[in-house]
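K.L.:
The structure under discussion is supplied below as structure tokens; questions concerning it will follow.
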Amino acid sequence: MRRLFPAPAPAETPSGPQALDTPQALDTPQALDTPEALADAYAYPAGGGPWLRANMVSSLDGAARHDGRSQPLSSDADMRVFGVLRALADVVVVGAETVRQEGYRPARAREAFADRRAAAGQGPAAAIAVVSARLDLDFSLPLFTEPLVPTLLLTGEDAPADRVAAAEKAGARVVRAGSGSGVEPARVVRELAALGLRRMLTEGGPRLLAQFAAAGVVDELCLTIAPLLTAGDAMRIMNGPGITDPVRYTPLSILEEDGFLFTRYVRG
């Protein structure tokens with residue numbers, strides 16, 4: 001994987017007769033060949049405040065899914081970035097529909113990041129936090145039976161009592177993050193931060209991400225652009241409430257491998 005933006009500092013240009021025979025490094029993109037280098041490239045901002053990062057993939061023509069899933073748009077490099085972002089996060093926030101469609105499993109501990117997580121005061125793996133109003137989930141799935149850290153369920157005050165009881169019996173931790181049946185994005189951020197989970201990562205889906213963006217709580221967007229065309233009527237990476245005035249994001253970096261672009265933007 002190589003860095004395209006920001007461009008690496010140019011090497012000093014040799015002078016004298018030897019300059020004609022010396023390869024120039026002025027336009028050589030910086031390689032990111034190790035998990036450590038990639039983790040450094042995606043490090044969370046310093047400081048104690050909460051930070052919500054979104055990670056999504058899109059085709060060239062804007063589709064977030066193909067045949068109902070994001071996996072056909074992915075690649076080996078995309079999965080490496082996916083793994084690094086999870087390895088850096090305290091918690092992964094995901095919608096219930098995405099859990100059902102993508103067959104979500106618990107985040108796993110990765111030896112390559114064990115020392116880094118320990119130094120940051122993190123557990124062995126990120127917690128998974130599922131946003132669900134009705135808690136209509138299969139609690140016999142590995143997401144609930146095999147996590148290294150208990151799976152969280154983010155729901156509203158009016159969540160069905162029987163489903164709350166079933167979730168807690170399965171070992172999940174129910175977190176109230178809304179005054180009605182659903183969650184309030186700003187409250188999700190506050191509740192997770194209150195649990196010490198300030199490095200947040202959301203992997204969608206499009207409906208959940210649109211709600212978070214409309215509420216103004218998405219600090220960063222990591223968007224993989226796949227060199228693929230899908231056509232059809234697939235939804236975009238955000239499919240929900242609109243934003244009255246478009247919000248400006250600033251590019252931080254662009255990485256590339258095998259034609260896939262890995263872009264990173266921050267709000268403001």
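Letters for chains follow the order of the structure tokens (A, B, ...), residue numbers begin at 1 for each chain, and ligand numbers begin at 1 in the order shown.
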Could you pull out all residues of range 110-251 of chain A with a DSSP call of helix (DSSP H, G or I) and give them as a PyMOL selection string?
P.N.:
chain A and resi 111-119+142-145+161-169+185-194+206-214
K.L.:
Can you list, as a count of residues only, every protein, DNA or RNA residue that comes within 10 Å of Glu97 in chain A when you count only C-alpha atoms, leaving out same-chain residues fewer than 2 positions away?
P.N.:
17
K.L.:
Closest to Phe139 in chain A among A:Leu152, A:Ala31, A:Val84, A:Ala43, using only C-alpha atoms?
P.N.:
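Residue with the minimum atom-to-atom distance to Phe139 in chain A: A:Leu152.
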K.L.:
Determine which residues of range 6-154 of chain A DSSP labels as strand (DSSP E) from the backbone of this structure, then write them out as a ChimeraX atom specification.
P.N.:
/A:30-31,51-58,91-95,127-131,152-154
K.L.:
For the residues in that selection, give me N, CA and C atoms as a compact mmCIF listing (two decimals), in the first residue's frame.
P.N.:
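That gives us part-v7.txt:
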# COMPACT_ATOMS: atom_id res chain seq x y z
N GLN A 30 4.90 7.16 -0.58
CA GLN A 30 5.41 6.50 0.62
C GLN A 30 4.70 5.17 0.82
N ALA A 31 5.46 4.07 0.99
CA ALA A 31 4.88 2.75 1.18
C ALA A 31 4.47 2.55 2.63
N TRP A 51 -14.20 10.56 19.92
CA TRP A 51 -13.97 10.76 18.49
C TRP A 51 -14.69 9.64 17.74
N LEU A 52 -15.65 10.02 16.89
CA LEU A 52 -16.41 9.04 16.14
C LEU A 52 -15.92 9.01 14.69
N ARG A 53 -15.37 7.88 14.32
CA ARG A 53 -14.85 7.64 12.97
C ARG A 53 -15.79 6.67 12.26
N ALA A 54 -16.09 6.95 11.00
CA ALA A 54 -16.90 6.05 10.19
C ALA A 54 -16.02 5.41 9.12
N ASN A 55 -16.26 4.14 8.86
CA ASN A 55 -15.53 3.43 7.81
C ASN A 55 -16.54 2.78 6.87
N MET A 56 -16.47 3.15 5.59
CA MET A 56 -17.40 2.64 4.60
C MET A 56 -16.67 2.37 3.30
N VAL A 57 -17.31 1.59 2.42
CA VAL A 57 -16.77 1.31 1.10
C VAL A 57 -17.83 1.67 0.08
N SER A 58 -17.38 2.17 -1.08
CA SER A 58 -18.29 2.58 -2.14
C SER A 58 -17.70 2.20 -3.48
N VAL A 91 -14.53 0.80 20.60
CA VAL A 91 -15.86 0.24 20.36
C VAL A 91 -16.22 0.41 18.89
N VAL A 92 -16.91 -0.59 18.34
CA VAL A 92 -17.41 -0.55 16.97
C VAL A 92 -18.93 -0.45 17.03
N VAL A 93 -19.48 0.62 16.50
CA VAL A 93 -20.92 0.86 16.52
C VAL A 93 -21.51 0.45 15.18
N VAL A 94 -22.55 -0.37 15.21
CA VAL A 94 -23.11 -0.90 13.97
C VAL A 94 -24.62 -1.06 14.13
N GLY A 95 -25.35 -0.88 13.04
CA GLY A 95 -26.79 -1.04 13.06
C GLY A 95 -27.21 -2.50 13.06
N ALA A 127 -15.06 -3.57 21.73
CA ALA A 127 -16.42 -4.04 21.95
C ALA A 127 -17.25 -3.74 20.71
N ILE A 128 -18.25 -4.58 20.45
CA ILE A 128 -19.22 -4.31 19.39
C ILE A 128 -20.47 -3.74 20.05
N ALA A 129 -20.94 -2.61 19.56
CA ALA A 129 -22.15 -1.97 20.07
C ALA A 129 -23.19 -1.94 18.96
N VAL A 130 -24.28 -2.67 19.15
CA VAL A 130 -25.32 -2.80 18.13
C VAL A 130 -26.46 -1.84 18.45
N VAL A 131 -26.82 -1.01 17.48
CA VAL A 131 -27.93 -0.08 17.63
C VAL A 131 -29.21 -0.77 17.19
N LEU A 152 -22.40 -4.78 23.42
CA LEU A 152 -23.31 -3.75 23.91
C LEU A 152 -24.51 -3.65 22.99
N LEU A 153 -25.66 -3.33 23.55
CA LEU A 153 -26.86 -3.05 22.77
C LEU A 153 -27.31 -1.64 23.09
N LEU A 154 -27.27 -0.78 22.09
CA LEU A 154 -27.68 0.61 22.25
C LEU A 154 -29.13 0.73 21.82
K.L.:
Mind checking which residues fall within 7 Å of range 105-110 of chain A, counting only C-alpha atoms, ignoring those fewer than 4 positions away in the same chain, and posting them as a list in words?
P.N.:
Ala114, Pro124, Ala125, Ala126, Ala127, Ile128, Pro142, Leu143, Glu146 and Pro147 of chain A
K.L.:
Can those selected residues be exported to a file as a JSON list (two decimals), in the first residue's frame so that it contains C-alpha atoms?
P.N.:
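Printed below is selection.json as written:
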[["chain", "number", "residue", "atom", "x", "y", "z"],
["A", 114, "ALA", "CA", -1.50, -6.24, 21.53],
["A", 124, "PRO", "CA", -7.64, -7.07, 23.97],
["A", 125, "ALA", "CA", -10.27, -6.16, 21.35],
["A", 126, "ALA", "CA", -12.92, -3.57, 20.63],
["A", 127, "ALA", "CA", -16.42, -4.04, 21.95],
["A", 128, "ILE", "CA", -19.22, -4.31, 19.39],
["A", 142, "PRO", "CA", -21.24, -15.78, 18.15],
["A", 143, "LEU", "CA", -21.54, -12.00, 18.48],
["A", 146, "GLU", "CA", -18.19, -15.65, 21.96],
["A", 147, "PRO", "CA", -17.06, -12.02, 22.46]]
K.L.:
Could you check the closest approach to Pro227 in chain A for each of A:Leu85, A:Ala63, A:Ala166, A:Val189 and tell me which residue wins, using only C-alpha atoms?
P.N.:
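Checking each candidate against Pro227 in chain A, we get A:Ala63 as the closest.
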K.L.:
Set the distance at 12 Å and use only C-alpha atoms: which residues neighbour Phe260 in chain A once local chain neighbours fewer than 3 positions away are removed? I'd like the list as a list in words.
P.N.:
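The residues that qualify are Met1, Arg2, Arg3, Leu4, Val57, Ser58, Ser59, Leu60, Leu73, Ser74, Ser75, Asp76, Ala77, Asp78, Met79, Val81, Leu223, Thr224, Ile225, Ala226, Pro227, Leu228, Ile254, Leu255, Glu256, Glu257 and Thr263 of chain A.
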K.L.:
With only C-alpha atoms as the basis for distance, which of A:Arg65, A:Asp158, A:Asp258, A:Ala89 is at the shortest distance from Gly121 in chain A?
P.N.:
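Looking only at the distances to Gly121 in chain A, the closest residue turns out to be A:Ala89.
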K.L.:
Between A:Pro8, A:Gly196, A:Gly268, A:Pro72, which has the minimum distance to Asp219 in chain A (counting only C-alpha atoms)?
P.N.:
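Closest to Asp219 in chain A of all the choices is A:Gly268.
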K.L.:
When you count only C-alpha atoms, which of these residues is closest to Leu221 in chain A: A:Leu135, A:Val266, A:Met235, A:Leu197?
P.N.:
A:Val266
K.L.:
May I ask for the distance between CA of Met200 in chain A and CA of Asp138 in chain A, given in Å to one decimal place?
P.N.:
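Going from CA of Met200 in chain A over to CA of Asp138 in chain A, I get 24.1 Å.
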K.L.:
Which residues are near Glu168 in chain A? Cut-off 12 Å, only C-alpha atoms, ignore same chain within fewer than 4 positions. Put them as an mmCIF file with N, CA and C atoms, in the first residue's frame.
P.N.:
data_model
loop_
_atom_site.group_PDB
_atom_site.id
_atom_site.type_symbol
_atom_site.label_atom_id
_atom_site.label_comp_id
_atom_site.auth_asym_id
_atom_site.auth_seq_id
_atom_site.Cartn_x
_atom_site.Cartn_y
_atom_site.Cartn_z
ATOM 1 N N LEU A 135 -34.501 -4.620 19.505
ATOM 2 C CA LEU A 135 -33.627 -5.699 19.972
ATOM 3 C C LEU A 135 -34.020 -7.028 19.321
ATOM 4 N N PHE A 139 -29.745 -13.959 19.769
ATOM 5 C CA PHE A 139 -28.751 -13.912 20.835
ATOM 6 C C PHE A 139 -27.954 -15.208 20.962
ATOM 7 N N PHE A 144 -22.823 -12.712 20.410
ATOM 8 C CA PHE A 144 -23.277 -12.645 21.799
ATOM 9 C C PHE A 144 -22.730 -13.783 22.654
ATOM 10 N N THR A 145 -22.356 -14.889 22.041
ATOM 11 C CA THR A 145 -21.894 -16.043 22.823
ATOM 12 C C THR A 145 -20.383 -16.156 22.918
ATOM 13 N N PRO A 150 -17.993 -8.099 26.492
ATOM 14 C CA PRO A 150 -19.430 -8.210 26.255
ATOM 15 C C PRO A 150 -19.914 -7.275 25.143
ATOM 16 N N THR A 151 -20.787 -7.790 24.311
ATOM 17 C CA THR A 151 -21.416 -6.977 23.266
ATOM 18 C C THR A 151 -22.390 -6.010 23.919
ATOM 19 N N LEU A 152 -22.396 -4.776 23.419
ATOM 20 C CA LEU A 152 -23.309 -3.753 23.912
ATOM 21 C C LEU A 152 -24.509 -3.650 22.988
ATOM 22 N N LEU A 153 -25.656 -3.330 23.552
ATOM 23 C CA LEU A 153 -26.859 -3.051 22.774
ATOM 24 C C LEU A 153 -27.311 -1.638 23.093
ATOM 25 N N ALA A 161 -39.353 -4.839 27.110
ATOM 26 C CA ALA A 161 -38.760 -5.372 28.332
ATOM 27 C C ALA A 161 -38.331 -6.825 28.171
ATOM 28 N N ASP A 162 -39.136 -7.615 27.431
ATOM 29 C CA ASP A 162 -38.770 -9.027 27.277
ATOM 30 C C ASP A 162 -37.503 -9.202 26.461
ATOM 31 N N ARG A 163 -37.286 -8.307 25.471
ATOM 32 C CA ARG A 163 -36.082 -8.405 24.657
ATOM 33 C C ARG A 163 -34.864 -7.914 25.440
ATOM 34 N N VAL A 164 -35.068 -6.916 26.294
ATOM 35 C CA VAL A 164 -33.979 -6.462 27.168
ATOM 36 C C VAL A 164 -33.551 -7.601 28.084
ATOM 37 N N ALA A 172 -25.228 -9.815 27.039
ATOM 38 C CA ALA A 172 -25.043 -8.492 26.445
ATOM 39 C C ALA A 172 -25.308 -7.410 27.494
ATOM 40 N N ARG A 173 -24.731 -6.265 27.264
ATOM 41 C CA ARG A 173 -24.962 -5.119 28.150
ATOM 42 C C ARG A 173 -25.864 -4.129 27.422
ATOM 43 N N VAL A 174 -27.017 -3.839 27.971
ATOM 44 C CA VAL A 174 -27.974 -2.919 27.354
ATOM 45 C C VAL A 174 -27.688 -1.503 27.835
ATOM 46 N N VAL A 175 -27.509 -0.597 26.881
ATOM 47 C CA VAL A 175 -27.214 0.809 27.188
ATOM 48 C C VAL A 175 -28.339 1.664 26.615
#
K.L.:
Report, in Å to a single decimal, how far apart CA of Thr202 in chain A and CA of Arg236 in chain A are.
P.N.:
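Going from CA of Arg236 in chain A over to CA of Thr202 in chain A covers 15.7 Å.
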K.L.:
Choose the residue, out of A:Pro241, A:Gly232, A:Gly259, A:Gly156, that has the smallest atom-to-atom separation from Gly62 in chain A; count only C-alpha atoms.
P.N.:
A:Gly232
